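Engineer: Structure incoming, see below.
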Amino acid sequence: MAVQTVASSSDSTIDLGPAAALSCRECGHRVPLGPVFACEECFGPLEIAYDFSGHDTEELRRRIEAGPANIWRYAPLLPVPADVADKPNLNPGWTKLVQADHLARELGVTGGLFVKDDSGNPTHSFKDRVVAQALEAARAFGFTTLSCSSTGNLAGAVGAAAARAGLRSCVFIPHDLEQGKVVMAAVYGGELVGIEGNYDDVNRFCSELIGDPAGEGWGFVNVNLRPYYAEGSKTLAYEICEQLGWRLPDQIVIPIASGSQLTKIDKGLKELIELGLVEDKPYKIFGAQAEGCSPVSTAFKGGHDVVRPQKPNTIAKSLAIGNPADGPYVLDIARRTGGAVEDVTDEEIVDAIKLLARTEGIFAETAGGVTVGVTRKLIKNGLLDPTKTTVVLNTGDGLKTLDAVAGTGLSATIRPTLDSFREAGLA
Ligand SMILES: *Cc1c(COP(=O)(O)O)cnc(C)c1O
Ligand SMILES: [Zn+2]
């Protein structure tokens, strides 16, 4: 097991709010809170186990509604200390849930269509939510350097969060990422290292670094702090339900990279039901991938439980994880809830980016093109019910992936005269 003990949780100074222990998703084995991510019994992934006892539902709801307009309104449900909002961090979340009537009309959705637009986060992707949890864990365990392996967005989120918190950062990315993402990650002043290889190579390198003295004192948000990091995705579930008036949507379309976000959104929805904050009713979860990196959708369509790794080749680089750690759990959730996993081509992704921009004024990164494109495809093939309330995630900002829509530009170039304007047929 990869263990890095900076502070142990028998240490009474570890205060991560309602987080009580780490528990193995496979065998249930429990260990104290610490910077570990794999079960010592079976190598399964460790998750946060909470103590939510003693919550009065109405009191909790009032407390949340009176909280700040960011993810910390849900602090009682997250692995963070109660005073988290007072510490320097980026305060992400509480992004817009846009009622997308024009897009709905275009897609033939009659039951209500919403876009949860996470491009509105501080570094313009959903990653700020997960990094904010990992940052609290890093502080609790006494780490001095914040690090990660990234397909781009995470690198920027870690760089910014570390800058704000006054920690050092050193992050690792594939060397050939989009320019927008490289600049976004570098501008915060931390170290940014390009690795000659794809994301899976970067990830393997980071796992080695964790076991090495060179990585001592380093909190890798998505490796040794992964159990904490992953919980940040629950806030998407909380916000969507609260913004719908404390109601579960019928269907949600979620992008898949490692599959962590999808898995934890399901966990968040289940918690809201258990806590009585929403009425229990069936909901369906749909996963979205790019055809050029579709290991989970391939397994779903083939009826397999095992996800066979692929070599990614797609413009949706933020989702280009060929060996997704949570793939099997995604398959399980999609099947259990009656959802599906689908993929779209790069061309369909570009079309969907333009469709969302044209209909709702939302400029999505390629990952948003994937979810919108997959939504359209799922309606066509009858897997998504257009008469039900549907939420589609846009997890990042189009300004980061301008290359995807290169060629979109001027309608005309004219002389500064009315004649020229008329000649161009624009009058
Ligand atoms: C990281 C990321 C996701 C989801 O990643 P998971 O590894 O599946 O949790 C989705 N969209 C964008 C833009 C991302 O950067
Ligand atoms: Zn286990």
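Following the order of the structure tokens, first chain is A, next is B, and so on, with residues numbered from 1 inside each chain and ligands from 1 in the order they appear.
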What's around Asp403 (chain A) at 12 Å? Count only C-alpha atoms, leave out sequence neighbours fewer than 3 positions away in its own chain, and write the answer as a VMD selection string.
Structural biologist: chain A and resid 177 to 181 315 to 317 350 365 to 366 398 to 400 406 to 408
Engineer: What would the file look like if the residues just selected were written as a PDB file, in the first residue's frame with C-alpha atoms?
Structural biologist:
ATOM      1  CA  LEU A 177      -1.986  20.050 -24.008  1.00  0.00           C
ATOM      2  CA  GLU A 178      -3.991  22.971 -25.376  1.00  0.00           C
ATOM      3  CA  GLN A 179      -2.220  26.332 -25.086  1.00  0.00           C
ATOM      4  CA  GLY A 180      -5.088  27.793 -23.051  1.00  0.00           C
ATOM      5  CA  LYS A 181      -4.728  25.125 -20.412  1.00  0.00           C
ATOM      6  CA  ILE A 315     -10.135  16.758 -29.007  1.00  0.00           C
ATOM      7  CA  ALA A 316     -11.836  16.295 -25.610  1.00  0.00           C
ATOM      8  CA  LYS A 317      -8.498  16.220 -23.804  1.00  0.00           C
ATOM      9  CA  VAL A 350     -17.772  20.579 -32.129  1.00  0.00           C
ATOM     10  CA  GLU A 365     -15.124  23.488 -23.497  1.00  0.00           C
ATOM     11  CA  THR A 366     -14.954  20.193 -25.360  1.00  0.00           C
ATOM     12  CA  GLY A 398     -14.712  27.173 -24.107  1.00  0.00           C
ATOM     13  CA  LEU A 399     -11.952  29.771 -23.878  1.00  0.00           C
ATOM     14  CA  LYS A 400      -9.648  26.966 -22.780  1.00  0.00           C
ATOM     15  CA  ALA A 406     -11.045  27.191 -34.932  1.00  0.00           C
ATOM     16  CA  GLY A 407     -12.480  28.455 -38.205  1.00  0.00           C
ATOM     17  CA  THR A 408     -15.394  30.069 -36.381  1.00  0.00           C
TER      18      THR A 408
END
Engineer: Please identify every polymer residue within 8 Å of ligand 1, using only C-alpha atoms and all ligand atoms, and present the set as a PDB file with C-alpha atoms, in the first residue's frame.
Structural biologist:
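Okay, this is what ended up in part_22.pdb:
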ATOM      1  CA  SER A 125     -13.809  24.284 -14.633  1.00  0.00           C
ATOM      2  CA  PHE A 126     -15.479  21.944 -12.168  1.00  0.00           C
ATOM      3  CA  LYS A 127     -12.027  21.010 -10.791  1.00  0.00           C
ATOM      4  CA  THR A 151      -5.262  16.583 -18.255  1.00  0.00           C
ATOM      5  CA  GLY A 152      -5.143  20.369 -17.919  1.00  0.00           C
ATOM      6  CA  ASN A 153      -7.991  21.773 -15.874  1.00  0.00           C
ATOM      7  CA  LEU A 154      -6.795  20.228 -12.642  1.00  0.00           C
ATOM      8  CA  ALA A 230     -13.366  13.003  -4.882  1.00  0.00           C
ATOM      9  CA  SER A 233     -18.084  16.277  -6.842  1.00  0.00           C
ATOM     10  CA  ILE A 254     -22.324  13.602 -16.758  1.00  0.00           C
ATOM     11  CA  PRO A 255     -18.943  13.540 -18.541  1.00  0.00           C
ATOM     12  CA  ILE A 256     -16.538  10.721 -17.729  1.00  0.00           C
ATOM     13  CA  ALA A 257     -12.764  11.046 -17.435  1.00  0.00           C
ATOM     14  CA  SER A 258     -11.763   8.840 -14.488  1.00  0.00           C
ATOM     15  CA  GLY A 259     -15.452   8.424 -13.633  1.00  0.00           C
ATOM     16  CA  SER A 260     -15.001   9.943 -10.190  1.00  0.00           C
ATOM     17  CA  GLN A 261     -17.342  12.858 -10.756  1.00  0.00           C
ATOM     18  CA  LEU A 262     -20.185  10.629 -11.909  1.00  0.00           C
ATOM     19  CA  SER A 318      -9.914  16.965 -20.373  1.00  0.00           C
ATOM     20  CA  LEU A 319     -11.734  13.616 -20.612  1.00  0.00           C
ATOM     21  CA  ILE A 321      -8.232   9.066 -19.561  1.00  0.00           C
ATOM     22  CA  PRO A 324     -10.455   5.210 -15.876  1.00  0.00           C
ATOM     23  CA  ASP A 326     -13.834   4.424 -11.467  1.00  0.00           C
ATOM     24  CA  GLU A 365     -15.124  23.488 -23.497  1.00  0.00           C
ATOM     25  CA  THR A 366     -14.954  20.193 -25.360  1.00  0.00           C
ATOM     26  CA  ALA A 367     -16.230  18.270 -22.303  1.00  0.00           C
ATOM     27  CA  GLY A 368     -19.470  20.289 -22.508  1.00  0.00           C
ATOM     28  CA  ASN A 394     -21.018  21.730 -18.685  1.00  0.00           C
ATOM     29  CA  THR A 395     -17.821  21.273 -16.711  1.00  0.00           C
ATOM     30  CA  GLY A 396     -15.484  23.789 -18.348  1.00  0.00           C
ATOM     31  CA  ASP A 397     -15.023  27.000 -20.321  1.00  0.00           C
TER      32      ASP A 397
END
Engineer: Could the residues of chain A that have an atom at most 8 Å from ligand 2 be listed as JSON lines, each with its closest atom pair and the distance in Å to one decimal, counting only C-alpha atoms and all ligand atoms and ordered by chain and ascending residue number?
Structural biologist:
{"residue": "A:Ser23", "atom": "CA", "partner": "ligand 2", "partner_atom_place_in_ligand_line": "1 (Zn)", "distance": 7.8}
{"residue": "A:Cys24", "atom": "CA", "partner": "ligand 2", "partner_atom_place_in_ligand_line": "1 (Zn)", "distance": 4.6}
{"residue": "A:Arg25", "atom": "CA", "partner": "ligand 2", "partner_atom_place_in_ligand_line": "1 (Zn)", "distance": 6.7}
{"residue": "A:Glu26", "atom": "CA", "partner": "ligand 2", "partner_atom_place_in_ligand_line": "1 (Zn)", "distance": 5.1}
{"residue": "A:Cys27", "atom": "CA", "partner": "ligand 2", "partner_atom_place_in_ligand_line": "1 (Zn)", "distance": 4.1}
{"residue": "A:Gly28", "atom": "CA", "partner": "ligand 2", "partner_atom_place_in_ligand_line": "1 (Zn)", "distance": 5.9}
{"residue": "A:His29", "atom": "CA", "partner": "ligand 2", "partner_atom_place_in_ligand_line": "1 (Zn)", "distance": 5.4}
{"residue": "A:Ala38", "atom": "CA", "partner": "ligand 2", "partner_atom_place_in_ligand_line": "1 (Zn)", "distance": 7.7}
{"residue": "A:Cys39", "atom": "CA", "partner": "ligand 2", "partner_atom_place_in_ligand_line": "1 (Zn)", "distance": 4.5}
{"residue": "A:Glu40", "atom": "CA", "partner": "ligand 2", "partner_atom_place_in_ligand_line": "1 (Zn)", "distance": 6.6}
{"residue": "A:Glu41", "atom": "CA", "partner": "ligand 2", "partner_atom_place_in_ligand_line": "1 (Zn)", "distance": 4.9}
{"residue": "A:Cys42", "atom": "CA", "partner": "ligand 2", "partner_atom_place_in_ligand_line": "1 (Zn)", "distance": 4.1}
{"residue": "A:Phe43", "atom": "CA", "partner": "ligand 2", "partner_atom_place_in_ligand_line": "1 (Zn)", "distance": 5.8}
{"residue": "A:Gly44", "atom": "CA", "partner": "ligand 2", "partner_atom_place_in_ligand_line": "1 (Zn)", "distance": 4.8}
{"residue": "A:Pro45", "atom": "CA", "partner": "ligand 2", "partner_atom_place_in_ligand_line": "1 (Zn)", "distance": 7.3}
{"residue": "A:Leu46", "atom": "CA", "partner": "ligand 2", "partner_atom_place_in_ligand_line": "1 (Zn)", "distance": 7.7}
Engineer: Please produce an output containing N, CA and C atoms for each residue in the selection, written as a short mmCIF file (atom, residue, chain, number, x, y, z; two decimals), in the first residue's frame.
Structural biologist:
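Final output, saved to out_1.cif:
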data_model
loop_
_atom_site.label_atom_id
_atom_site.label_comp_id
_atom_site.auth_asym_id
_atom_site.auth_seq_id
_atom_site.Cartn_x
_atom_site.Cartn_y
_atom_site.Cartn_z
N SER A 23 -13.06 4.25 4.38
CA SER A 23 -13.65 2.92 4.29
C SER A 23 -13.49 2.39 2.87
N CYS A 24 -13.17 1.11 2.74
CA CYS A 24 -12.91 0.53 1.43
C CYS A 24 -14.21 0.31 0.67
N ARG A 25 -14.24 0.80 -0.56
CA ARG A 25 -15.45 0.67 -1.37
C ARG A 25 -15.74 -0.80 -1.71
N GLU A 26 -14.69 -1.63 -1.75
CA GLU A 26 -14.87 -3.03 -2.11
C GLU A 26 -15.22 -3.90 -0.90
N CYS A 27 -14.43 -3.79 0.19
CA CYS A 27 -14.59 -4.76 1.29
C CYS A 27 -15.04 -4.12 2.60
N GLY A 28 -15.16 -2.77 2.61
CA GLY A 28 -15.67 -2.12 3.81
C GLY A 28 -14.65 -1.94 4.93
N HIS A 29 -13.42 -2.42 4.73
CA HIS A 29 -12.38 -2.28 5.76
C HIS A 29 -12.18 -0.79 6.09
N ALA A 38 -5.61 3.49 -1.00
CA ALA A 38 -5.91 2.11 -1.37
C ALA A 38 -6.02 1.24 -0.12
N CYS A 39 -6.96 0.31 -0.16
CA CYS A 39 -7.22 -0.58 0.98
C CYS A 39 -6.05 -1.54 1.18
N GLU A 40 -5.63 -1.67 2.43
CA GLU A 40 -4.49 -2.55 2.73
C GLU A 40 -4.90 -4.02 2.65
N GLU A 41 -6.20 -4.30 2.67
CA GLU A 41 -6.68 -5.68 2.60
C GLU A 41 -6.85 -6.15 1.16
N CYS A 42 -7.44 -5.29 0.33
CA CYS A 42 -7.83 -5.77 -1.01
C CYS A 42 -7.43 -4.81 -2.14
N PHE A 43 -6.74 -3.69 -1.83
CA PHE A 43 -6.31 -2.69 -2.82
C PHE A 43 -7.48 -1.92 -3.43
N GLY A 44 -8.70 -2.10 -2.89
CA GLY A 44 -9.84 -1.31 -3.37
C GLY A 44 -9.67 0.16 -3.01
N PRO A 45 -10.44 1.04 -3.67
CA PRO A 45 -10.32 2.46 -3.36
C PRO A 45 -10.94 2.82 -2.01
N LEU A 46 -10.27 3.69 -1.27
CA LEU A 46 -10.81 4.14 0.01
C LEU A 46 -11.71 5.36 -0.23
#
Engineer: Excluding Val223 (chain A) and any residue of its chain fewer than 3 positions from it, enumerate the residues within 8 Å of it, using only C-alpha atoms, and give them as a list in words.
Structural biologist: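 Everything that qualifies: Phe37, Cys148, Cys206, Ser207, Phe220 and Arg226 of chain A.
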Engineer: Write a file of the just-selected residues containing C-alpha atoms, as a compact mmCIF listing (two decimals), in the first residue's frame.
Structural biologist:
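Resulting contents of part.txt:
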# COMPACT_ATOMS: atom_id res chain seq x y z
CA PHE A 37 -6.09 5.89 -1.00
CA CYS A 148 -1.38 16.44 -9.21
CA CYS A 206 3.10 10.50 -9.99
CA SER A 207 2.42 7.16 -8.29
CA PHE A 220 -1.18 14.83 -4.73
CA ARG A 226 -8.00 11.23 -3.71
Engineer: What is the distance, in Å and to one decimal place, between CA of Gly382 (chain A) and CA of Ile265 (chain A)?
Structural biologist: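 Distance reported for this atom pair: 23.6 Å.
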Engineer: Nearest to Gly245 (chain A) among A:Glu47, A:Glu65, A:Glu291, A:Glu347, with distances taken over only C-alpha atoms: which residue is it?
Structural biologist: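 Result for the nearest residue to Gly245 (chain A): A:Glu65.
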Engineer: Please extract the residues of region 346-393 of chain A with a backbone DSSP assignment of helix (DSSP H, G or I) and present them as a PyMOL selection string.
Structural biologist: chain A and resi 346-360+366-380
Engineer: Quick check, in Å to one decimal: how far apart do CA of Val392 (chain A) and CA of Pro328 (chain A) lie?
Structural biologist: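 Computed distance, CA of Val392 (chain A) to CA of Pro328 (chain A), equals 21.9 Å.
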Engineer: Please identify all polymer residues within 9 Å of His102 (chain A), counting only C-alpha atoms, omitting same-chain residues fewer than 5 positions from it, and present them as a list in words.
Structural biologist: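 Residues near the query, excluding close chain neighbours: Leu107, Thr359 and Glu360 of chain A.
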Engineer: When you count only C-alpha atoms, which of these residues is closest to Thr123 (chain A): A:Val171, A:Leu355, A:Met184, A:Ala162?
Structural biologist: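 The closest residue to Thr123 (chain A) is A:Met184.
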Engineer: Between A:Gly276, A:Gly327, A:Gly219, A:Gly111, which one has atoms that come closest to Asp56 (chain A), using only C-alpha atoms?
Structural biologist: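 Ranking A:Gly276, A:Gly327, A:Gly219, A:Gly111 by distance to Asp56 (chain A), first place goes to A:Gly276.
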Engineer: Within 9 Å of Lys354 (chain A), counting only C-alpha atoms, which residues show up once you throw out same-chain ones fewer than 6 positions away? Write them as a PyMOL selection string, please.
Structural biologist: chain A and resi 363-364+369+405
Engineer: What lies within 8 Å of Leu248 (chain A) using only C-alpha atoms, ignoring chain neighbours under 2 positions off, as a list in words?
Structural biologist: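 That gives Ile240, Cys241, Leu244, Trp246, Asp250, Leu269, Val278, Glu279, Asp280, Lys281 and Tyr283 of chain A.
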Engineer: Grab the residues selected above and save them as a compact mmCIF listing (two decimals), in the first residue's frame with C-alpha atoms.
Structural biologist:
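As written to disk, part_26.txt reads:
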# COMPACT_ATOMS: atom_id res chain seq x y z
CA ILE A 240 -28.54 20.80 -8.63
CA CYS A 241 -31.16 19.52 -6.19
CA LEU A 244 -34.37 22.70 -8.48
CA TRP A 246 -34.84 20.55 -3.19
CA ASP A 250 -35.16 12.61 -13.36
CA LEU A 269 -27.88 12.25 -4.44
CA VAL A 278 -35.13 15.53 -1.06
CA GLU A 279 -38.01 13.16 -1.62
CA ASP A 280 -36.88 9.70 -2.69
CA LYS A 281 -37.72 8.85 -6.29
CA TYR A 283 -33.34 9.00 -11.11
Engineer: Skip region 70-72 of chain A itself and residues of its chain fewer than 5 positions away, then list as a list of chain:residue names all residues within 7 Å of it, counting only C-alpha atoms.
Structural biologist: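 The residues that qualify are A:Ala85, A:Asn91, A:Pro92, A:Gly93, A:Trp94, A:Thr235.
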Engineer: State, in Å with one decimal place, the distance from CA of Ile379 (chain A) to CA of Gly292 (chain A).
Structural biologist: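 According to the coordinates, CA of Ile379 (chain A) and CA of Gly292 (chain A) are separated by 21.2 Å.
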